[in-house]
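> Just dropping this structure here.
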Amino acid sequence: MTEEKGLNFIEDIVEEDLRNGKYTQIVTRFPPEPNGYLHIGHASSICLNFGLTEKYGGYTNLRFDDTNPVTEETEYVDSIKEDVKWLGFQWKHELYASDYFEALYQFAIDLIKKGLAYVDDSSSEEIAALKGTPTEPGRNSPYRDRTVQENLDLFESMKKGAFKDGSKTLRAKIDMAHINMLMRDPVLYRIKHAHHHRTGNEWCIYPMYDFAHGQSDSIENVTHSLCTLEFVPHRELYDWLIEKLEIFPSKQYEFARRNLTYTITSKRKLLQLVNENHVDGWDDPRMTTISGMRRRGFTPESIRDFCTRIGIAKRENLVDMSLLEYCVREHLNKIAIRRMAVLDPVKLIITNYPAGQTEEVFSENNPEAENNGGTRPVVFSGELWIEREDFMETPAKKWFRLAPGALVRLKSAYIVKCDDFIKDDEGNITAIQCSYIPESKSGNDVSGIRAKGTIHWVSVAHAAEAEVRLYDRLFTVENPAAEEGDFTSYINPNSLQIVKKAYIETALKDAVEGEKFQFIRKGYFTPDTHSAPGKLVFNRTVTLKDTWAKESKK
RNA sequence: UGCCCGAUAGUAUAAUGGUAGUACGACAGUUUUUGGUACUGUUUGUCUUGGUUCGAAUCCAGGUCGGGCAACCA
């Protein structure tokens, strides 16, 4: 079978490497630093790395880039593993850069012996001062010409804890006039007397990213090391270290990180939202973290579909949130169970329905399911809750819901005609009076009447109650990170609207976390993580498309 | 005033010297007991100037614009 869709530039590289026999299988890795929760941008990277080995054979490792003990925590490790698994991917090996601390230490000694690294006593300010600028060369450190033996001894003392934080570093000896600033004798090791989440107090020197990442890739025989564009200048150093160390030549390739409108994808900024209590935690349903989207009701399938659709390239981008919403609607439409819930209730009284009478009507569970999903019984009565917005005292043009004198179908039940309505002293409508047409019962309608509109309802005497949380975009601007000033000043004050008491049909009473529902005509909903029987809480994942909302604005 | 990366409809992404496609969005229509879904149609694009070529989004040169690079972060 031939591939119809065009390949992205990384797939091109992989196919070329496979075709010319450079590799017989490929190895990739997903390498998060455990200093925060994963977000939609990581999902894209995960899909790329795991997707590549699923497609071309080989495997993908999960590797925690835990070389900075002060920012990293086990809580983050656990959440990252959960999120990757939830997205539906299985890593071959669970690995940690900290597993390689001893190996990396030996690499450093190797470099020193080759005369390619030295211990520098300069402070970080002094190092910066000698670094030069992008347009001026740097100057050599006074400690640059120490002998190999002296460097070996000093480095060993560093490891043994003889020196204070910041007093010494190990640096590569490359070229202080190099056009690439990262090649101007980059720091390889720094002293940090800090507790590490895995190695405890065993080490007091920690490798920098540049001395850990490529070597870890190499140790694991990673063939294609994929990272984001900001690491392009690091590639030269990545290759230099592998060459001088004479180890497996992993290759780094860079792609553009994905950005999404009306949100942020920066762990630092997400952490700020959490710390400053702008949101309810990392898994707040308004957050585009994996855990937030999971709690909001997104499915792994929809997120993976989204990542496939936005693709991978090297140019800057800002993807429309509407595409993500499309993907989740597309999946939920197929799997979500249809139920009726009234969020903003007003009473509808059927004056010609016998007082106290009830009857069961049957309503489809999911018309999009293969065999229709079957039906469930719903109790109908003469006193119902309907949505306040489904009635208009003075109907707009093209309005075909309830209005004085208008006919409307009550979903899965009867057609009713609005005869009158009642207002309180302040002019609020408190009840709508209708008469129903007995011959129009859903399923065997012999009335010959056609109602253009259909609305949902819940019987007053049989309704259960639930809290419903309606979410909107977290920011008021498309690209909060690019705006002037602090991004938190662009937070949407109406991003969460809580409906304390919504009326739901009885079939919804046993809803549990993980279940997906469509509240007919209102959107897709899922029980919140803190929802409990008797105290139900639903999160709105996304609204349905609403062409009437557009029409009514005309 | 150095080096590196990039530029294709509103957005994202294909076309790898040979018909500029696809998806989302927008707009219009058909179907509909969800103003949902489904289906149909319409709309809009190669940053710029030269060059090579029978032929350039693609190759070359210059320019413009956007992003990155001077952490003991990753």
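Residues in the structure tokens are named by chain (A, B, ... in the order shown) and by number from 1 within that chain; ligands are numbered from 1 in the order shown.
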What are the residues of chain B lining chain A at 6 Å or less? Count only C-alpha atoms (C1' of nucleotides), and put the answer as a PyMOL selection string.
chain B and resi 2+6+11-12+14+24+34-35+70+72
> Go ahead and save the residues from that selection, with N, CA, C and O atoms (P, O5', C5', C4', C3', O3' and C1' of nucleotides), as a short mmCIF file (atom, residue, chain, number, x, y, z; two decimals), in the first residue's frame.

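Below is the file that was written, out.cif:
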data_model
loop_
_atom_site.label_atom_id
_atom_site.label_comp_id
_atom_site.auth_asym_id
_atom_site.auth_seq_id
_atom_site.Cartn_x
_atom_site.Cartn_y
_atom_site.Cartn_z
P G B 2 25.99 42.23 10.14
"O5'" G B 2 26.60 40.94 10.86
"C5'" G B 2 28.02 40.86 11.04
"C4'" G B 2 28.33 39.68 11.91
"C3'" G B 2 27.52 38.42 11.61
"O3'" G B 2 28.08 37.69 10.53
"C1'" G B 2 27.53 38.81 13.93
P G B 6 15.51 26.31 7.96
"O5'" G B 6 14.20 27.21 8.00
"C5'" G B 6 12.99 26.69 8.51
"C4'" G B 6 12.03 27.78 8.82
"C3'" G B 6 11.32 28.43 7.64
"O3'" G B 6 10.25 27.63 7.19
"C1'" G B 6 12.00 30.09 9.18
P U B 11 -3.23 33.32 8.83
"O5'" U B 11 -3.67 32.04 9.65
"C5'" U B 11 -3.90 32.13 11.06
"C4'" U B 11 -4.19 30.75 11.61
"C3'" U B 11 -3.18 29.68 11.22
"O3'" U B 11 -2.04 29.69 12.05
"C1'" U B 11 -5.36 28.86 10.83
P A B 12 -0.62 29.32 11.48
"O5'" A B 12 -0.72 27.75 11.24
"C5'" A B 12 -0.74 26.87 12.35
"C4'" A B 12 -1.08 25.47 11.91
"C3'" A B 12 -0.19 24.85 10.84
"O3'" A B 12 1.04 24.39 11.36
"C1'" A B 12 -2.45 24.39 10.35
P A B 14 4.12 19.54 6.50
"O5'" A B 14 3.23 18.94 5.32
"C5'" A B 14 3.72 18.92 4.03
"C4'" A B 14 2.76 18.16 3.14
"C3'" A B 14 3.26 18.06 1.73
"O3'" A B 14 4.13 16.97 1.58
"C1'" A B 14 1.02 18.82 1.72
P C B 24 -13.03 19.36 7.79
"O5'" C B 24 -12.63 20.53 8.80
"C5'" C B 24 -12.34 20.23 10.16
"C4'" C B 24 -11.76 21.44 10.84
"C3'" C B 24 -12.61 22.71 10.78
"O3'" C B 24 -13.66 22.71 11.73
"C1'" C B 24 -10.38 23.25 10.27
P U B 34 -33.80 16.17 15.56
"O5'" U B 34 -33.13 16.66 16.92
"C5'" U B 34 -33.87 17.43 17.84
"C4'" U B 34 -32.93 18.34 18.60
"C3'" U B 34 -32.09 19.24 17.69
"O3'" U B 34 -31.83 20.46 18.37
"C1'" U B 34 -30.69 17.86 18.96
P G B 35 -32.39 21.82 17.76
"O5'" G B 35 -31.30 22.34 16.73
"C5'" G B 35 -31.24 21.88 15.40
"C4'" G B 35 -30.51 22.89 14.56
"C3'" G B 35 -29.16 23.30 15.13
"O3'" G B 35 -28.32 23.71 14.06
"C1'" G B 35 -30.60 25.16 15.08
P A B 70 21.45 32.87 25.32
"O5'" A B 70 22.78 33.72 25.58
"C5'" A B 70 24.01 33.04 25.72
"C4'" A B 70 25.04 34.02 26.20
"C3'" A B 70 24.59 34.93 27.34
"O3'" A B 70 24.83 34.29 28.57
"C1'" A B 70 25.57 36.22 25.63
P C B 72 25.95 30.24 33.45
"O5'" C B 72 26.22 29.00 34.38
"C5'" C B 72 25.81 27.70 33.96
"C4'" C B 72 25.52 26.85 35.16
"C3'" C B 72 24.41 27.41 36.04
"O3'" C B 72 23.75 26.30 36.63
"C1'" C B 72 26.41 27.29 37.26
#
> So that I can see what lies close to B:G18, please list as JSON, numbers by chain the residues with an atom at most 12 Å from it, counting only C-alpha atoms (C1' of nucleotides) and leaving out residues fewer than 3 positions away in the same chain.
{"B": [15, 54, 55, 56, 58]}
> Please report the interatomic distance between atom CA of A:Leu402 and atom CA of A:Ala461 in Å with one decimal.
22.0 Å
> Fewer than 2 positions away in the same chain doesn't count, so skip those; otherwise give me all residues within 10 Å of A:Ser45, counting only C-alpha atoms (C1' of nucleotides), as a PyMOL selection string.
chain A and resi 29-31+40-43+47-51+226-228+255+257-258+307+312
> Using only C-alpha atoms (C1' of nucleotides), can you tell me which of B:U32, B:U44, B:U49, B:U19 comes closest to B:G62?
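Checking each candidate against B:G62, we get B:U49 as the closest.
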